[in-house]
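Trainee: Here you go, one structure.
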Amino acid sequence: MSVPAVDPEIQTLLDTADTGVFPVHGLDAVLADPQRYALLRAHPDTPVDDQVTVRDLYIPGPAGQLRLRVYRPDTTEDLPMILYVHGGAFTYGSPEAEEGRSLRYARDAHAVVVSVDYRLAPEHPYPAAADDVYAALTWIADNPAELGGDRTRIAVAGGSAGGNLAASTVLRARDQAGPHLLFQSLTYPGVDSSLTSASAREFTDTPVLNRAAMELAVQYYAKDSHADPYASPVRATDLSGLPPTYIAVAEIDPLRDEGRDYAARLSAAGVTTELVQVPGAVHGFDLLFPQARISEHNLTDQVRTLREALHPFSGRSCRPSTGSAQGLL
């Protein structure tokens, strides 16, 4: 498999990126760094949004207090809720590190966004993170008044490792008769810890996410749990009954094909599924380089699908997505 060309604007940004802020040329060094918890506590370019109030809540979690970072548009009406799960290869990251996306979702999808500060591997391997995220989901569904939220309109969203945890949480909610969910949004999700997809095997030295980083992430988080669908959602034998799903994958990303495979399996199970492949994009493109045109287009697309799902009376479009290689499946 030949590696496609990186989008020219993204390539320029990669070439000039400050790797002291983020190691854009390989995450394996981050995952091997004992100080990784100090990395990316906040993105240096996070915007300030005077239309959204940000606060932290602490709720009972499976292993003590669990921090939720809440983003709420300034309105008195009850709003739909988005449970957001940050990425970081299961080993680093925080709600603050992806605050730009949470602010964007809150403002433009007109929703309360709740981002979970889940436990990180290897100190807390599977199922610690999955348990924390599911605990957060059940709490927001049981306590909507604390958030000014509407428990009848909940979506789950996440990217990369957060996409894995979001998909796991949605499966678990179905299997355990948990909260009713209207939608799930997965951005370049890592849903198969076996690392056997064609792109995972062939894209060994791509920018941002490389094969060495993926192997470390799996070793730290789920090395003995490849067959468990809550660790590898693509391994679930039954995907029926899940909420409508949006999946965005980056063309130049080892995780590309497992995201595509998951979308195909969801569609085959009767789940309304929209798959977008962003040409020329690398893993994490929209978070690392939100100023790039393809990032702005895809962030707008993510917001579109969330808003249409959570505000159904505004009308849901079925048009293919911006930059999409595939539309509705």
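Ordered as shown in the structure tokens, chains take letters A, B, and onward, while each chain numbers its residues from 1 and ligands are numbered from 1 in the order shown.
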Find the residues near Asp192 in chain A: any atom within 6 Å, counting only C-alpha atoms, skip ones fewer than 2 places away on the same chain, and give them as a PyMOL selection string.
Mentor: chain A and resi 190+194+232+234
Trainee: Within 8 Å of Ala106 in chain A, counting only C-alpha atoms, which residues qualify if same-chain residues fewer than 6 places away don't, as a list in words?
Mentor: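 Once the nearby chain positions are removed, what remains is Val52, Tyr71, Arg72, Pro73, Val112 and Val113 of chain A.
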Trainee: How would the residues just picked look written out with all heavy atoms as a compact mmCIF listing (two decimals), in the first residue's frame?
Mentor:
# COMPACT_ATOMS: atom_id res chain seq x y z
N VAL A 52 -19.87 30.49 25.96
CA VAL A 52 -19.92 29.18 26.61
C VAL A 52 -19.29 29.28 27.99
O VAL A 52 -18.18 29.80 28.15
CB VAL A 52 -19.16 28.12 25.77
CG1 VAL A 52 -19.18 26.77 26.48
CG2 VAL A 52 -19.77 28.01 24.38
N TYR A 71 -19.20 22.19 29.44
CA TYR A 71 -19.24 23.36 28.55
C TYR A 71 -20.71 23.62 28.22
O TYR A 71 -21.37 22.77 27.60
CB TYR A 71 -18.46 23.08 27.26
CG TYR A 71 -17.03 22.64 27.51
CD1 TYR A 71 -16.73 21.31 27.83
CD2 TYR A 71 -15.98 23.54 27.42
CE1 TYR A 71 -15.43 20.91 28.06
CE2 TYR A 71 -14.67 23.14 27.64
CZ TYR A 71 -14.40 21.83 27.97
OH TYR A 71 -13.11 21.42 28.20
N ARG A 72 -21.20 24.78 28.64
CA ARG A 72 -22.63 25.05 28.45
C ARG A 72 -22.85 26.41 27.80
O ARG A 72 -22.37 27.43 28.30
CB ARG A 72 -23.37 25.01 29.79
CG ARG A 72 -24.88 24.97 29.62
CD ARG A 72 -25.62 24.93 30.95
NE ARG A 72 -26.99 24.50 30.75
CZ ARG A 72 -27.95 25.25 30.22
NH1 ARG A 72 -27.69 26.49 29.84
NH2 ARG A 72 -29.17 24.77 30.08
N PRO A 73 -23.56 26.44 26.68
CA PRO A 73 -23.91 27.73 26.10
C PRO A 73 -24.72 28.56 27.08
O PRO A 73 -25.46 28.02 27.92
CB PRO A 73 -24.76 27.35 24.87
CG PRO A 73 -24.35 25.96 24.55
CD PRO A 73 -24.04 25.32 25.86
N VAL A 112 -25.05 21.00 25.79
CA VAL A 112 -24.14 20.88 26.93
C VAL A 112 -23.14 19.77 26.60
O VAL A 112 -23.53 18.63 26.32
CB VAL A 112 -24.90 20.51 28.22
CG1 VAL A 112 -23.92 20.37 29.38
CG2 VAL A 112 -25.96 21.54 28.53
N VAL A 113 -21.86 20.10 26.63
CA VAL A 113 -20.81 19.11 26.37
C VAL A 113 -20.17 18.75 27.70
O VAL A 113 -19.76 19.64 28.47
CB VAL A 113 -19.76 19.64 25.39
CG1 VAL A 113 -18.62 18.64 25.22
CG2 VAL A 113 -20.40 19.95 24.04
Trainee: Env of range 220-224 of chain A: 7 Å cut, atoms = only C-alpha atoms, seq-sep filter 3 positions within chain, self excluded. Answer as a list in words.
Mentor: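 The residues satisfying every condition are Phe90, Ala121, Pro122, Pro125, Tyr126, Leu216, Ala217 and Ala231 of chain A.
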Trainee: For the selection just defined, write its residues with C-alpha atoms to a file, as a PDB file, in the first residue's frame.
Mentor:
ATOM      1  CA  PHE A  90      -5.346   5.757  26.380  1.00  0.00           C
ATOM      2  CA  ALA A 121      -3.009   3.509  31.239  1.00  0.00           C
ATOM      3  CA  PRO A 122      -0.671   1.784  31.916  1.00  0.00           C
ATOM      4  CA  PRO A 125      -5.400  -0.590  32.091  1.00  0.00           C
ATOM      5  CA  TYR A 126      -8.668  -1.782  30.582  1.00  0.00           C
ATOM      6  CA  LEU A 216       2.602   0.798  22.913  1.00  0.00           C
ATOM      7  CA  ALA A 217      -0.974   2.020  23.350  1.00  0.00           C
ATOM      8  CA  ALA A 231     -12.055  -2.947  24.356  1.00  0.00           C
TER       9      ALA A 231
END
Trainee: Go through A:Thr187, A:Thr152, A:Thr237, A:Ser115 one by one, measure the shortest atom-to-atom distance of each to Arg260 in chain A using only C-alpha atoms, and give the residue with the smallest value.
Mentor: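 Using only C-alpha atoms, the shortest distance to Arg260 in chain A belongs to A:Thr187.
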Trainee: Could you list, as a PDB file with N, CA, C and O atoms, in the first residue's frame, every residue within 7 Å of range 174-184 of chain A, counting only C-alpha atoms and ignoring same-chain residues fewer than 4 positions away?
Mentor:
ATOM      1  N   THR A 138     -23.985   7.416  32.673  1.00  0.00           N
ATOM      2  CA  THR A 138     -25.136   7.143  33.533  1.00  0.00           C
ATOM      3  C   THR A 138     -25.405   8.315  34.473  1.00  0.00           C
ATOM      4  O   THR A 138     -26.564   8.638  34.754  1.00  0.00           O
ATOM      5  N   ALA A 141     -27.185  11.164  32.584  1.00  0.00           N
ATOM      6  CA  ALA A 141     -28.565  10.794  32.284  1.00  0.00           C
ATOM      7  C   ALA A 141     -29.439  10.841  33.532  1.00  0.00           C
ATOM      8  O   ALA A 141     -30.631  11.161  33.445  1.00  0.00           O
ATOM      9  N   ARG A 153     -32.224  13.604  25.016  1.00  0.00           N
ATOM     10  CA  ARG A 153     -31.400  13.923  23.832  1.00  0.00           C
ATOM     11  C   ARG A 153     -29.930  13.883  24.238  1.00  0.00           C
ATOM     12  O   ARG A 153     -29.353  14.894  24.639  1.00  0.00           O
ATOM     13  N   ILE A 154     -29.346  12.684  24.150  1.00  0.00           N
ATOM     14  CA  ILE A 154     -27.944  12.498  24.515  1.00  0.00           C
ATOM     15  C   ILE A 154     -27.200  11.859  23.341  1.00  0.00           C
ATOM     16  O   ILE A 154     -27.682  10.909  22.727  1.00  0.00           O
ATOM     17  N   ALA A 155     -26.024  12.390  23.058  1.00  0.00           N
ATOM     18  CA  ALA A 155     -25.109  11.798  22.083  1.00  0.00           C
ATOM     19  C   ALA A 155     -23.783  11.528  22.777  1.00  0.00           C
ATOM     20  O   ALA A 155     -23.457  12.128  23.810  1.00  0.00           O
ATOM     21  N   VAL A 156     -23.015  10.619  22.203  1.00  0.00           N
ATOM     22  CA  VAL A 156     -21.668  10.313  22.687  1.00  0.00           C
ATOM     23  C   VAL A 156     -20.707  10.552  21.537  1.00  0.00           C
ATOM     24  O   VAL A 156     -20.974  10.150  20.402  1.00  0.00           O
ATOM     25  N   ALA A 157     -19.576  11.213  21.835  1.00  0.00           N
ATOM     26  CA  ALA A 157     -18.612  11.553  20.790  1.00  0.00           C
ATOM     27  C   ALA A 157     -17.201  11.381  21.320  1.00  0.00           C
ATOM     28  O   ALA A 157     -16.947  11.549  22.520  1.00  0.00           O
ATOM     29  N   VAL A 170     -21.337   3.242  23.986  1.00  0.00           N
ATOM     30  CA  VAL A 170     -22.610   3.080  23.276  1.00  0.00           C
ATOM     31  C   VAL A 170     -23.017   1.606  23.253  1.00  0.00           C
ATOM     32  O   VAL A 170     -24.200   1.272  23.471  1.00  0.00           O
ATOM     33  N   LEU A 242     -28.004  -0.035  17.631  1.00  0.00           N
ATOM     34  CA  LEU A 242     -27.199   1.109  18.041  1.00  0.00           C
ATOM     35  C   LEU A 242     -27.737   2.386  17.403  1.00  0.00           C
ATOM     36  O   LEU A 242     -28.431   2.339  16.388  1.00  0.00           O
ATOM     37  N   PRO A 243     -27.421   3.536  17.967  1.00  0.00           N
ATOM     38  CA  PRO A 243     -27.966   4.783  17.428  1.00  0.00           C
ATOM     39  C   PRO A 243     -27.300   5.151  16.104  1.00  0.00           C
ATOM     40  O   PRO A 243     -26.209   4.652  15.772  1.00  0.00           O
ATOM     41  N   PRO A 244     -27.923   6.032  15.324  1.00  0.00           N
ATOM     42  CA  PRO A 244     -27.279   6.527  14.112  1.00  0.00           C
ATOM     43  C   PRO A 244     -25.861   7.013  14.407  1.00  0.00           C
ATOM     44  O   PRO A 244     -25.589   7.559  15.483  1.00  0.00           O
ATOM     45  N   THR A 245     -24.982   6.797  13.442  1.00  0.00           N
ATOM     46  CA  THR A 245     -23.544   6.966  13.682  1.00  0.00           C
ATOM     47  C   THR A 245     -22.895   7.763  12.566  1.00  0.00           C
ATOM     48  O   THR A 245     -23.187   7.560  11.389  1.00  0.00           O
ATOM     49  N   TYR A 246     -21.993   8.649  12.970  1.00  0.00           N
ATOM     50  CA  TYR A 246     -21.126   9.383  12.047  1.00  0.00           C
ATOM     51  C   TYR A 246     -19.696   8.975  12.345  1.00  0.00           C
ATOM     52  O   TYR A 246     -19.256   9.001  13.512  1.00  0.00           O
ATOM     53  N   ALA A 309     -28.873  15.637  14.734  1.00  0.00           N
ATOM     54  CA  ALA A 309     -29.352  14.523  15.556  1.00  0.00           C
ATOM     55  C   ALA A 309     -30.002  15.005  16.849  1.00  0.00           C
ATOM     56  O   ALA A 309     -31.014  14.441  17.293  1.00  0.00           O
TER      57      ALA A 309
END
Trainee: Within 9 Å of Arg211 in chain A, counting only C-alpha atoms, which residues show up once you throw out same-chain ones fewer than 4 positions away? Write them as a PDB file with N, CA, C and O atoms, in the first residue's frame, please.
Mentor:
ATOM      1  N   ASP A  28       5.171   7.669  19.471  1.00  0.00           N
ATOM      2  CA  ASP A  28       5.799   6.625  20.269  1.00  0.00           C
ATOM      3  C   ASP A  28       6.686   7.223  21.355  1.00  0.00           C
ATOM      4  O   ASP A  28       6.778   6.679  22.464  1.00  0.00           O
ATOM      5  N   LEU A 195      -4.746  -4.541  15.693  1.00  0.00           N
ATOM      6  CA  LEU A 195      -3.837  -3.839  14.765  1.00  0.00           C
ATOM      7  C   LEU A 195      -3.581  -4.651  13.498  1.00  0.00           C
ATOM      8  O   LEU A 195      -2.465  -4.681  12.973  1.00  0.00           O
ATOM      9  N   ALA A 200      -3.303  -0.383   9.275  1.00  0.00           N
ATOM     10  CA  ALA A 200      -2.476  -0.543  10.475  1.00  0.00           C
ATOM     11  C   ALA A 200      -1.190  -1.288  10.174  1.00  0.00           C
ATOM     12  O   ALA A 200      -0.140  -1.030  10.786  1.00  0.00           O
ATOM     13  N   ARG A 201      -1.253  -2.225   9.231  1.00  0.00           N
ATOM     14  CA  ARG A 201      -0.058  -2.998   8.873  1.00  0.00           C
ATOM     15  C   ARG A 201       0.861  -2.245   7.923  1.00  0.00           C
ATOM     16  O   ARG A 201       2.082  -2.404   7.976  1.00  0.00           O
ATOM     17  N   GLU A 202       0.283  -1.419   7.063  1.00  0.00           N
ATOM     18  CA  GLU A 202       1.079  -0.784   6.016  1.00  0.00           C
ATOM     19  C   GLU A 202       1.551   0.627   6.374  1.00  0.00           C
ATOM     20  O   GLU A 202       2.629   1.039   5.966  1.00  0.00           O
ATOM     21  N   PHE A 203       0.750   1.378   7.135  1.00  0.00           N
ATOM     22  CA  PHE A 203       1.126   2.754   7.474  1.00  0.00           C
ATOM     23  C   PHE A 203       1.957   2.741   8.765  1.00  0.00           C
ATOM     24  O   PHE A 203       1.464   3.046   9.848  1.00  0.00           O
ATOM     25  N   THR A 204       3.210   2.386   8.644  1.00  0.00           N
ATOM     26  CA  THR A 204       4.041   2.190   9.836  1.00  0.00           C
ATOM     27  C   THR A 204       4.756   3.446  10.294  1.00  0.00           C
ATOM     28  O   THR A 204       5.162   3.543  11.452  1.00  0.00           O
ATOM     29  N   ASP A 205       4.919   4.425   9.405  1.00  0.00           N
ATOM     30  CA  ASP A 205       5.711   5.605   9.750  1.00  0.00           C
ATOM     31  C   ASP A 205       5.025   6.888   9.289  1.00  0.00           C
ATOM     32  O   ASP A 205       5.666   7.815   8.805  1.00  0.00           O
ATOM     33  N   THR A 206       3.713   6.924   9.448  1.00  0.00           N
ATOM     34  CA  THR A 206       2.948   8.104   9.044  1.00  0.00           C
ATOM     35  C   THR A 206       3.079   9.213  10.095  1.00  0.00           C
ATOM     36  O   THR A 206       3.387   8.943  11.264  1.00  0.00           O
ATOM     37  N   GLU A 215       1.353   0.168  18.949  1.00  0.00           N
ATOM     38  CA  GLU A 215       1.710  -1.043  19.705  1.00  0.00           C
ATOM     39  C   GLU A 215       1.868  -0.733  21.186  1.00  0.00           C
ATOM     40  O   GLU A 215       1.443  -1.522  22.043  1.00  0.00           O
ATOM     41  N   LEU A 216       2.472   0.410  21.510  1.00  0.00           N
ATOM     42  CA  LEU A 216       2.602   0.798  22.913  1.00  0.00           C
ATOM     43  C   LEU A 216       1.240   1.053  23.543  1.00  0.00           C
ATOM     44  O   LEU A 216       0.976   0.636  24.680  1.00  0.00           O
ATOM     45  N   PRO A 254      -3.014   5.109  10.282  1.00  0.00           N
ATOM     46  CA  PRO A 254      -3.093   3.660  10.508  1.00  0.00           C
ATOM     47  C   PRO A 254      -4.465   3.180  10.967  1.00  0.00           C
ATOM     48  O   PRO A 254      -4.826   2.018  10.751  1.00  0.00           O
TER      49      PRO A 254
END
Trainee: Write out as a list of chain:residue names each polymer residue whose atoms come within 12 Å of His311 in chain A, counting only C-alpha atoms; drop sequence neighbours fewer than 4 positions from it.
Mentor: A:Leu79, A:Pro80, A:Met81, A:Asp108, A:Ala109, A:His110, A:Ala111, A:Asp150, A:Thr152, A:Arg153, A:Ile154, A:Ala155, A:Leu182, A:Phe183, A:Val303, A:Arg304, A:Thr305, A:Leu306, A:Arg307, A:Gly315, A:Arg316, A:Ser317
Trainee: Tell me which of A:Leu120, A:Val249, A:Ala198, A:Leu13 sits closest to His283 in chain A, counting only C-alpha atoms.
Mentor: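 Of the candidates, the smallest distance to His283 in chain A is held by A:Val249.
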Trainee: Just give me the gap between CA of Leu147 in chain A and CA of Ala248 in chain A in Å, one decimal is fine.
Mentor: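 Interatomic distance here is 28.3 Å.
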Trainee: From range 224-290 of chain A, collect each residue whose DSSP state is strand (DSSP E or B) and return the set as a list in words.
Mentor: Thr245, Tyr246, Ile247, Ala248, Val249, Ala250, Glu251, Ile252, Thr273, Glu274, Leu275, Val276, Gln277, Val278, Pro279, Gly280, Ala281 and Val282 of chain A
